[in-house]
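Structure file my_file-v8.cif with mmCIF, C-alpha atoms:
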```
data_input
#
loop_
_atom_site.label_atom_id
_atom_site.label_comp_id
_atom_site.auth_asym_id
_atom_site.auth_seq_id
_atom_site.Cartn_x
_atom_site.Cartn_y
_atom_site.Cartn_z
CA MET K 1 51.91 -135.61 -70.83
CA GLY K 2 51.06 -135.06 -74.50
CA LYS K 3 49.89 -131.65 -75.66
CA THR K 4 47.07 -131.07 -78.09
CA ILE K 5 47.71 -128.35 -80.67
CA SER K 6 44.76 -127.25 -82.79
CA VAL K 7 45.46 -125.43 -86.01
CA HIS K 8 42.38 -123.53 -87.02
CA SER K 9 41.18 -120.86 -89.41
CA PHE K 10 37.82 -119.22 -89.89
CA ARG K 11 37.88 -119.65 -93.65
CA GLY K 12 39.28 -122.30 -96.01
CA GLY K 13 42.38 -121.75 -98.12
CA THR K 14 44.46 -120.12 -95.40
CA GLY K 15 47.24 -122.74 -95.64
CA LYS K 16 46.19 -124.38 -92.39
CA SER K 17 46.93 -127.96 -93.51
CA ASN K 18 50.31 -127.00 -94.95
CA ILE K 19 51.35 -125.25 -91.75
CA THR K 20 50.10 -128.21 -89.70
CA ALA K 21 52.02 -130.76 -91.79
CA ASN K 22 55.26 -128.78 -91.80
CA LEU K 23 55.14 -127.87 -88.12
CA ALA K 24 54.35 -131.44 -87.09
CA THR K 25 57.20 -132.80 -89.23
CA LEU K 26 59.63 -130.28 -87.72
CA CYS K 27 58.59 -131.36 -84.21
CA ALA K 28 59.25 -135.00 -85.12
CA MET K 29 62.58 -134.12 -86.73
CA ASN K 30 63.52 -132.52 -83.40
CA GLY K 31 62.88 -135.74 -81.52
CA ALA K 32 59.21 -135.48 -80.49
CA ARG K 33 56.60 -138.18 -80.92
CA VAL K 34 53.95 -136.49 -83.04
CA GLY K 35 50.50 -137.34 -84.36
CA VAL K 36 48.48 -135.43 -86.94
CA ILE K 37 44.74 -135.88 -87.04
CA ASP K 38 42.61 -134.46 -89.82
CA THR K 39 39.27 -133.46 -88.35
CA ASP K 40 38.39 -131.61 -91.51
CA ILE K 41 36.29 -134.64 -92.45
CA GLN K 42 34.24 -132.70 -94.98
CA SER K 43 37.23 -131.50 -97.00
CA PRO K 44 40.26 -133.50 -95.86
CA GLY K 45 43.68 -132.85 -97.33
CA VAL K 46 46.57 -133.03 -94.89
CA HIS K 47 47.42 -136.61 -95.94
CA VAL K 48 47.89 -135.42 -99.53
CA ILE K 49 50.73 -133.22 -98.24
CA PHE K 50 52.19 -136.31 -96.58
CA GLY K 51 52.12 -138.15 -99.93
CA LEU K 52 49.20 -140.44 -99.15
CA GLY K 53 46.76 -138.85 -101.59
CA ASN K 54 46.89 -141.59 -104.19
CA LYS K 55 47.32 -144.50 -101.83
CA LYS K 56 44.43 -146.74 -100.91
CA LEU K 57 44.10 -146.28 -97.18
CA LYS K 58 42.97 -149.40 -95.37
CA HIS K 59 41.30 -147.48 -92.56
CA THR K 60 40.47 -143.80 -92.16
CA LEU K 61 39.16 -141.57 -89.42
CA ASN K 62 35.73 -141.94 -91.00
CA ASP K 63 35.82 -145.68 -90.15
CA PHE K 64 36.66 -144.82 -86.55
CA LEU K 65 33.82 -142.30 -86.33
CA TYR K 66 31.36 -144.92 -87.57
CA LYS K 67 32.89 -147.47 -85.19
CA LYS K 68 34.18 -149.72 -87.98
CA SER K 69 37.80 -149.60 -86.78
CA SER K 70 39.90 -148.68 -83.79
CA ILE K 71 41.83 -145.42 -83.75
CA ASP K 72 45.03 -147.48 -83.74
CA ASP K 73 44.05 -149.09 -87.07
CA VAL K 74 43.77 -145.63 -88.62
CA ALA K 75 47.34 -144.60 -87.72
CA VAL K 76 49.87 -144.44 -90.56
CA ASP K 77 53.51 -144.32 -89.45
CA LEU K 78 55.42 -141.85 -91.64
CA THR K 79 58.59 -141.73 -89.57
CA ASN K 80 60.78 -143.40 -92.18
CA ASN K 81 59.44 -141.27 -95.05
CA TYR K 82 61.11 -138.13 -93.74
CA GLY K 83 64.38 -139.41 -92.36
CA ILE K 84 63.29 -138.71 -88.81
CA LYS K 85 65.97 -139.99 -86.47
CA GLY K 86 66.41 -140.64 -82.77
CA ASP K 87 63.26 -140.68 -80.63
CA GLY K 88 61.16 -138.75 -83.14
CA LYS K 89 58.03 -140.37 -84.57
CA LEU K 90 55.41 -139.10 -86.99
CA PHE K 91 51.95 -140.62 -87.28
CA ILE K 92 49.01 -139.38 -89.29
CA PHE K 93 45.36 -140.26 -88.73
CA PRO K 94 43.88 -139.47 -92.15
CA ALA K 95 40.28 -138.78 -93.07
CA ALA K 96 38.81 -140.33 -96.23
CA LEU K 97 39.14 -138.46 -99.52
CA ASP K 98 36.61 -140.78 -101.15
CA ALA K 99 33.57 -138.81 -102.36
CA ASN K 100 31.08 -141.39 -101.05
CA GLU K 101 32.63 -141.27 -97.58
CA ILE K 102 32.58 -137.48 -97.51
CA THR K 103 28.94 -137.46 -98.67
CA LYS K 104 28.08 -139.89 -95.89
CA VAL K 105 29.55 -137.59 -93.26
CA LEU K 106 27.78 -134.58 -94.74
CA ARG K 107 24.48 -136.50 -94.83
CA GLU K 108 24.61 -138.38 -91.55
CA GLY K 109 27.05 -136.42 -89.40
CA TYR K 110 29.02 -138.21 -86.71
CA GLU K 111 29.29 -138.37 -82.96
CA VAL K 112 31.47 -135.46 -81.90
CA SER K 113 32.15 -137.22 -78.61
CA THR K 114 33.62 -140.20 -80.51
CA MET K 115 36.13 -137.84 -82.09
CA SER K 116 37.15 -136.33 -78.77
CA GLU K 117 37.54 -139.75 -77.17
CA GLY K 118 39.78 -140.57 -80.11
CA PHE K 119 42.09 -137.67 -79.25
CA SER K 120 42.93 -139.01 -75.82
CA GLU K 121 43.22 -142.58 -77.14
CA ILE K 122 45.67 -141.39 -79.78
CA ILE K 123 47.90 -139.50 -77.34
CA GLY K 124 48.04 -142.53 -75.07
CA SER K 125 48.41 -145.36 -77.52
CA LYS K 126 51.24 -143.70 -79.41
CA LYS K 127 52.75 -142.00 -76.33
CA LEU K 128 52.66 -138.71 -78.17
CA ASP K 129 54.35 -135.51 -77.12
CA TYR K 130 52.17 -133.52 -79.52
CA LEU K 131 48.88 -134.22 -81.23
CA PHE K 132 48.19 -131.73 -84.03
CA ILE K 133 44.56 -131.29 -85.01
CA ASP K 134 43.91 -129.90 -88.46
CA THR K 135 40.41 -128.56 -87.87
CA HIS K 136 37.48 -127.91 -90.14
CA PRO K 137 37.34 -124.17 -90.95
CA GLY K 138 34.58 -122.03 -89.44
CA LEU K 139 32.82 -122.22 -86.13
CA ASN K 140 30.57 -125.14 -85.25
CA GLU K 141 30.28 -127.80 -82.56
CA GLU K 142 33.15 -130.02 -83.69
CA THR K 143 35.40 -127.01 -84.17
CA PHE K 144 34.60 -125.68 -80.73
CA LEU K 145 35.26 -129.05 -79.17
CA SER K 146 38.66 -129.35 -80.89
CA ILE K 147 39.51 -125.84 -79.74
CA ALA K 148 38.24 -126.32 -76.19
CA LEU K 149 40.32 -129.49 -75.78
CA SER K 150 43.53 -127.82 -76.91
CA ASP K 151 46.56 -126.89 -74.87
CA ILE K 152 47.75 -124.67 -77.69
CA LEU K 153 45.69 -123.01 -80.41
CA LEU K 154 47.16 -121.63 -83.62
CA VAL K 155 44.74 -119.47 -85.60
CA ILE K 156 45.78 -118.92 -89.21
CA LEU K 157 44.52 -115.93 -91.15
CA ARG K 158 45.15 -114.18 -94.42
CA PRO K 159 45.13 -110.44 -95.07
CA ASP K 160 41.40 -110.43 -95.82
CA GLU K 161 38.53 -108.56 -94.14
CA GLN K 162 36.30 -111.64 -93.83
CA ASP K 163 39.18 -113.42 -92.12
CA TYR K 164 39.54 -110.57 -89.63
CA LEU K 165 35.93 -110.81 -88.51
CA GLY K 166 35.93 -114.63 -88.17
CA THR K 167 39.34 -114.62 -86.52
CA SER K 168 38.21 -112.07 -83.98
CA VAL K 169 35.15 -114.18 -83.08
CA THR K 170 37.23 -117.37 -82.93
CA LEU K 171 39.77 -115.76 -80.61
CA GLU K 172 37.18 -114.26 -78.27
CA ILE K 173 35.42 -117.63 -77.91
CA SER K 174 38.77 -119.39 -77.41
CA LYS K 175 39.70 -116.97 -74.63
CA LYS K 176 36.44 -117.86 -72.88
CA PHE K 177 37.55 -121.52 -73.02
CA GLU K 178 40.79 -120.48 -71.31
CA ILE K 179 43.09 -122.20 -73.79
CA PRO K 180 46.53 -121.99 -72.12
CA LYS K 181 48.35 -120.69 -75.22
CA ILE K 182 46.86 -118.95 -78.25
CA PHE K 183 48.89 -117.67 -81.20
CA LEU K 184 48.07 -116.01 -84.50
CA VAL K 185 49.85 -116.82 -87.75
CA MET K 186 49.46 -114.51 -90.74
CA ASN K 187 49.84 -116.36 -94.04
CA LYS K 188 50.11 -115.24 -97.67
CA LEU K 189 51.09 -111.67 -96.84
CA LEU K 190 52.06 -109.64 -99.89
CA PRO K 191 55.72 -108.55 -100.00
CA LYS K 192 54.72 -104.86 -100.10
CA TYR K 193 53.98 -104.99 -96.36
CA LYS K 194 56.49 -105.12 -93.52
CA ALA K 195 56.07 -108.22 -91.34
CA LYS K 196 56.97 -106.40 -88.14
CA GLU K 197 54.36 -103.68 -88.72
CA VAL K 198 51.71 -106.29 -89.60
CA GLU K 199 52.46 -108.31 -86.46
CA LYS K 200 52.26 -105.21 -84.29
CA LYS K 201 48.84 -104.31 -85.70
CA LEU K 202 47.56 -107.88 -85.45
CA SER K 203 48.51 -108.28 -81.80
CA LYS K 204 47.09 -104.84 -80.99
CA THR K 205 43.78 -105.64 -82.73
CA PHE K 206 43.31 -109.23 -81.56
CA HIS K 207 45.17 -109.11 -78.22
CA VAL K 208 47.11 -112.35 -78.82
CA PRO K 209 50.77 -112.86 -79.76
CA VAL K 210 51.73 -113.49 -83.37
CA ALA K 211 53.87 -116.62 -83.77
CA GLY K 212 54.88 -115.85 -87.35
CA THR K 213 54.13 -114.06 -90.59
CA ILE K 214 54.51 -115.96 -93.84
CA TYR K 215 54.86 -114.04 -97.08
CA PHE K 216 53.13 -115.24 -100.22
CA SER K 217 55.68 -117.33 -102.11
CA GLU K 218 55.43 -118.41 -105.73
CA GLU K 219 57.84 -121.25 -105.05
CA PHE K 220 55.66 -122.53 -102.22
CA ALA K 221 52.45 -122.10 -104.26
CA ASP K 222 54.08 -123.95 -107.14
CA ALA K 223 54.78 -126.94 -104.88
CA GLY K 224 50.98 -127.29 -104.75
CA SER K 225 50.72 -129.06 -101.37
CA GLY K 226 52.51 -132.01 -102.98
CA ASP K 227 55.02 -132.49 -100.18
CA VAL K 228 56.16 -131.38 -96.76
CA PHE K 229 57.90 -128.26 -98.04
CA ILE K 230 60.49 -127.76 -95.28
CA VAL K 231 61.97 -131.23 -95.85
CA ASN K 232 63.13 -130.36 -99.39
CA HIS K 233 63.54 -126.61 -98.84
CA PRO K 234 65.12 -126.27 -95.39
CA ASP K 235 66.65 -122.86 -96.18
CA HIS K 236 63.53 -121.31 -97.67
CA ALA K 237 61.94 -118.32 -95.89
CA PHE K 238 58.85 -120.46 -95.22
CA ALA K 239 60.98 -123.03 -93.36
CA LYS K 240 62.46 -120.27 -91.20
CA ILE K 241 59.03 -119.03 -90.15
CA ILE K 242 57.89 -122.60 -89.40
CA LYS K 243 60.96 -122.86 -87.13
CA GLN K 244 59.92 -119.60 -85.45
CA ILE K 245 56.38 -120.95 -84.88
CA TYR K 246 57.91 -124.19 -83.58
CA ASP K 247 59.88 -122.21 -81.00
CA HIS K 248 56.71 -120.49 -79.77
CA VAL K 249 54.72 -123.72 -79.62
CA THR K 250 57.36 -125.77 -77.81
CA GLU K 251 58.76 -123.17 -75.42
CA MET Y 1 58.29 -98.94 -101.07
CA PRO Y 2 56.36 -100.73 -98.28
CA GLU Y 3 52.69 -99.79 -97.93
CA THR Y 4 50.85 -99.22 -94.66
CA PHE Y 5 48.96 -102.29 -93.50
CA GLU Y 6 45.39 -101.69 -92.26
CA ILE Y 7 42.98 -103.98 -90.43
CA LYS Y 8 39.32 -103.07 -90.80
CA LEU Y 9 37.15 -104.77 -88.20
CA ASP Y 10 33.46 -104.21 -87.49
CA LYS Y 11 33.48 -104.60 -83.70
CA LYS Y 12 29.69 -104.45 -83.50
CA GLU Y 13 29.36 -107.40 -85.87
CA VAL Y 14 31.98 -109.32 -83.88
CA LYS Y 15 30.01 -108.66 -80.68
CA ASN Y 16 26.69 -109.73 -82.25
CA THR Y 17 28.22 -112.93 -83.65
CA ILE Y 18 29.70 -113.86 -80.28
CA GLU Y 19 26.36 -113.25 -78.57
CA ASP Y 20 24.62 -115.53 -81.09
CA ILE Y 21 27.19 -118.28 -80.47
CA GLU Y 22 26.86 -117.95 -76.71
CA LYS Y 23 23.12 -118.56 -77.03
CA SER Y 24 23.63 -121.87 -78.88
CA ASP Y 25 23.11 -125.17 -77.07
CA TYR Y 26 26.43 -126.65 -78.17
CA TYR Y 27 28.38 -123.65 -76.90
CA LYS Y 28 26.68 -123.85 -73.51
CA ARG Y 29 27.32 -127.60 -73.31
CA ILE Y 30 31.01 -127.35 -74.14
CA ALA Y 31 31.57 -124.23 -72.04
CA ASP Y 32 29.99 -125.92 -69.03
CA GLN Y 33 32.34 -128.92 -69.27
CA VAL Y 34 35.38 -126.74 -69.77
CA LYS Y 35 34.49 -124.41 -66.91
CA LYS Y 36 34.07 -127.24 -64.41
CA ILE Y 37 37.51 -128.55 -65.14
CA ARG Y 38 39.41 -125.29 -65.49
CA SER Y 39 37.76 -123.02 -62.95
CA GLY Y 40 38.57 -125.06 -59.86
CA GLU Y 41 34.91 -125.86 -59.16
CA THR Y 42 35.94 -129.46 -59.21
CA ASN Y 43 34.33 -130.43 -55.92
CA GLN Y 44 30.95 -129.86 -57.46
CA ALA Y 45 31.93 -131.75 -60.59
CA PHE Y 46 33.38 -134.64 -58.60
CA LYS Y 47 30.66 -134.93 -55.97
CA GLY Y 48 32.83 -133.87 -53.06
CA ASN Y 49 35.79 -136.06 -54.02
CA ALA Y 50 37.81 -133.44 -55.85
CA ASP Y 51 40.97 -133.88 -53.82
CA LYS Y 52 41.48 -137.53 -54.50
CA TRP Y 53 40.61 -137.10 -58.17
CA ARG Y 54 43.01 -134.19 -58.43
CA ASP Y 55 45.73 -136.30 -56.87
CA LEU Y 56 44.93 -139.20 -59.11
CA PHE Y 57 44.90 -137.29 -62.36
CA HIS Y 58 47.94 -135.21 -61.63
CA ASN Y 59 50.10 -138.21 -60.90
CA LEU Y 60 50.89 -140.84 -63.45
CA ALA Y 61 52.26 -143.24 -60.85
CA ILE Y 62 49.03 -145.16 -60.57
CA ASN Y 63 50.46 -147.80 -58.25
CA ASP Y 64 50.70 -145.15 -55.54
CA HIS Y 65 46.96 -144.70 -55.80
CA ASP Y 66 45.73 -148.26 -55.59
CA SER Y 67 43.89 -147.38 -52.41
CA VAL Y 68 42.02 -144.63 -54.23
CA ILE Y 69 41.03 -147.02 -56.98
CA MET Y 70 39.88 -149.58 -54.44
CA SER Y 71 37.77 -147.09 -52.54
CA ILE Y 72 36.18 -145.97 -55.77
CA MET Y 73 35.35 -149.53 -56.62
CA HIS Y 74 33.77 -150.08 -53.25
CA GLU Y 75 31.64 -146.97 -53.56
CA ASP Y 76 30.30 -147.60 -57.04
CA TYR Y 77 32.81 -147.32 -59.80
CA LEU Y 78 30.28 -147.09 -62.59
CA GLY Y 79 28.72 -144.06 -60.97
CA TYR Y 80 31.95 -142.19 -61.56
CA GLN Y 81 31.96 -142.74 -65.31
CA ALA Y 82 29.70 -139.74 -65.84
CA TYR Y 83 32.29 -137.35 -64.60
CA ILE Y 84 35.30 -139.27 -65.82
CA ASP Y 85 34.22 -138.54 -69.40
CA PRO Y 86 34.98 -134.82 -69.44
CA ILE Y 87 38.35 -135.45 -67.80
CA LYS Y 88 39.27 -138.09 -70.34
CA LYS Y 89 39.08 -135.38 -72.93
CA PHE Y 90 41.75 -133.35 -71.20
CA ILE Y 91 44.24 -135.97 -70.19
CA GLY Y 92 45.60 -139.25 -71.42
CA PHE Y 93 43.37 -141.21 -69.08
CA HIS Y 94 44.56 -144.58 -70.43
CA LYS Y 95 48.10 -143.57 -69.39
CA LEU Y 96 47.06 -144.35 -65.87
CA ASP Y 97 46.90 -147.98 -66.93
CA LEU Y 98 43.71 -148.29 -64.95
CA LYS Y 99 42.68 -151.59 -66.48
CA LYS Y 100 45.88 -153.27 -65.35
CA THR Y 101 45.47 -151.88 -61.87
CA LEU Y 102 41.87 -152.98 -61.65
CA GLU Y 103 42.88 -156.50 -62.64
CA LYS Y 104 45.15 -156.60 -59.63
CA VAL Y 105 42.31 -155.71 -57.29
CA ASP Y 106 39.74 -158.21 -56.14
CA ILE Y 107 36.47 -156.30 -56.44
CA ASN Y 108 34.74 -158.52 -53.88
CA SER Y 109 37.49 -158.26 -51.33
CA ASP Y 110 36.79 -156.49 -48.05
CA ASN Y 111 40.49 -155.89 -47.50
CA GLU Y 112 41.50 -152.37 -48.48
#
```

Starting from the coordinates I provided, produce the structure as structure tokens.
Amino acid sequence: MGKTISVHSFRGGTGKSNITANLATLCAMNGARVGVIDTDIQSPGVHVIFGLGNKKLKHTLNDFLYKKSSIDDVAVDLTNNYGIKGDGKLFIFPAALDANEITKVLREGYEVSTMSEGFSEIIGSKKLDYLFIDTHPGLNEETFLSIALSDILLVILRPDEQDYLGTSVTLEISKKFEIPKIFLVMNKLLPKYKAKEVEKKLSKTFHVPVAGTIYFSEEFADAGSGDVFIVNHPDHAFAKIIKQIYDHVTE
Amino acid sequence: MPETFEIKLDKKEVKNTIEDIEKSDYYKRIADQVKKIRSGETNQAFKGNADKWRDLFHNLAINDHDSVIMSIMHEDYLGYQAYIDPIKKFIGFHKLDLKKTLEKVDINSDNE
């Protein structure tokens, strides 16, 4: 049965979409059938990382939420774009980047229940092993629902005091929802700190395991979310940490 | 030379924020659905039919459960939709291929 993995952060700019895209691609490269859904409808971006930023998308998640298309119509098959072989498959369910569409969602909202019904439809129709949900940052109804429906929750944070507070609240609420597996991922850590020490303090403070610590990288920042980084940089330190997170998620 | 990493966290503010969230309607609504499914209080959620629903949803071999489907149809299938909804959110309900199974069953038949 397919597993739902939510990737969440309390604040924007944590690298959530990048980690989602890279982790999902690695899962597909290892033979899993994977879907990525961008529920950050108000500031979507994960499809830019998958190279769909400039392409005119026929259908988006916004159409599904307003009942203009089926969830199947929204799916974009990216399997061939990344040389994924064997049984692996990679689908993305993108949200609209169009300013008018985003404004509409901000103005009118959408049925949260339609989104959650979409999750189970997606897992079934594409026979997915993993459905990654790139959530909207913060804590609100749609975020809670994405979290509550998850089998695995990855909470991304940066070394920042506001992140600590929001992360702590997010984790406490998630524990109340009894999510089977919850992991923390520290991103953009400065090289002056030791990863092991940071991980020890994080797990002691938040009482959840740390799946990985990613150092701030100029090379990664320079890539500017323009591609799935691990595909072109398989030996980079970032790729090694994504592999480490993959091991935690799939064990 | 590595520096010492510190995490400053205002536990009182965390506690207050969580309390505010717990008071919200949407939290209560979602928490209620989640609790019913995960806490084992399924008999209440499934109107006394927890066992057969548990069997049904934990087995993907729907053909083995045709009798369950038929009995549901005889009772009042639509009445079950209300508590199918929260379950659909946790499992690939369509994987059960329910529609196909229902097509095989004559709803007006007395033969179970």

_One decimal, in Å: what's the spacing between atom CA of K:Val7 and atom CA of K:Ala237?_
20.5 Å

*At a cut-off of 12 Å from (29.7, -116.8, -79.5) in the coordinates of the file, what residues are picked up using only C-alpha atoms, written as a PyMOL selection string?*
(chain K and resi 139-141+144+166+168-177) or (chain Y and resi 13-28+30-31)

_Output of the PyMOL selection byres ((chain K and resi 186) around 10), listed as a list of chain:residue names_ = K:Thr14, K:Gly15, K:Val155, K:Ile156, K:Leu157, K:Arg158, K:Pro159, K:Leu184, K:Val185, K:Asn187, K:Lys188, K:Leu189, K:Ala195, K:Val198, K:Glu199, K:Leu202, K:Val210, K:Ala211, K:Gly212, K:Thr213, K:Ile214, K:Tyr215

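Using only C-alpha atoms, the nearest neighbour of chain Y within the list K:Ser9, K:Asn232, K:Thr167, K:Asn62 is K:Thr167.
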
Please determine an axis-aligned box that encloses all atoms of stretch 19-37 of chain K listed in the file, with 5 Å added on each side, and express its centre and edge lengths in Å to one decimal as AutoDock Vina command-line options.
```
--center_x 54.1 --center_y -131.7 --center_z -86.1 --size_x 28.8 --size_y 22.9 --size_z 21.3
```

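Around stretch 5-9 of chain Y, within 7 Å and counting only C-alpha atoms, the residues found are K:Glu161, K:Tyr164, K:Leu165, K:Tyr193, K:Val198, once anything fewer than 4 positions away on its own chain is removed.
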
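The nearest approach to K:Val74 among the residues K:Asp38, K:Lys243, K:Gly51, K:Val46, with all atoms listed in the file taken into account, belongs to K:Asp38.
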
*asked:* Suppose a student applies the PyMOL selection byres ((chain K and resi 89) around 6) to this structure; what residues should they get, written as a PyMOL selection string?
replied: chain K and resi 28+33-34+79+88+90

Let me see the file: selected residues, C-alpha atoms, as a compact mmCIF listing (two decimals), in the coordinates of the input.
```txt
# COMPACT_ATOMS: atom_id res chain seq x y z
CA ALA K 28 59.25 -135.00 -85.12
CA ARG K 33 56.60 -138.18 -80.92
CA VAL K 34 53.95 -136.49 -83.04
CA THR K 79 58.59 -141.73 -89.57
CA GLY K 88 61.16 -138.75 -83.14
CA LEU K 90 55.41 -139.10 -86.99
```

_Once the PyMOL selection byres ((chain K and resi 60) around 8) has been evaluated on this model, what residues remain selected, and can you format them as a ChimeraX atom specification?_
/K:57-59,61-64,74,93-96

*Work out how far atom CA of K:His236 is from atom CA of K:Lys192, in Å to one decimal.*
18.8 Å
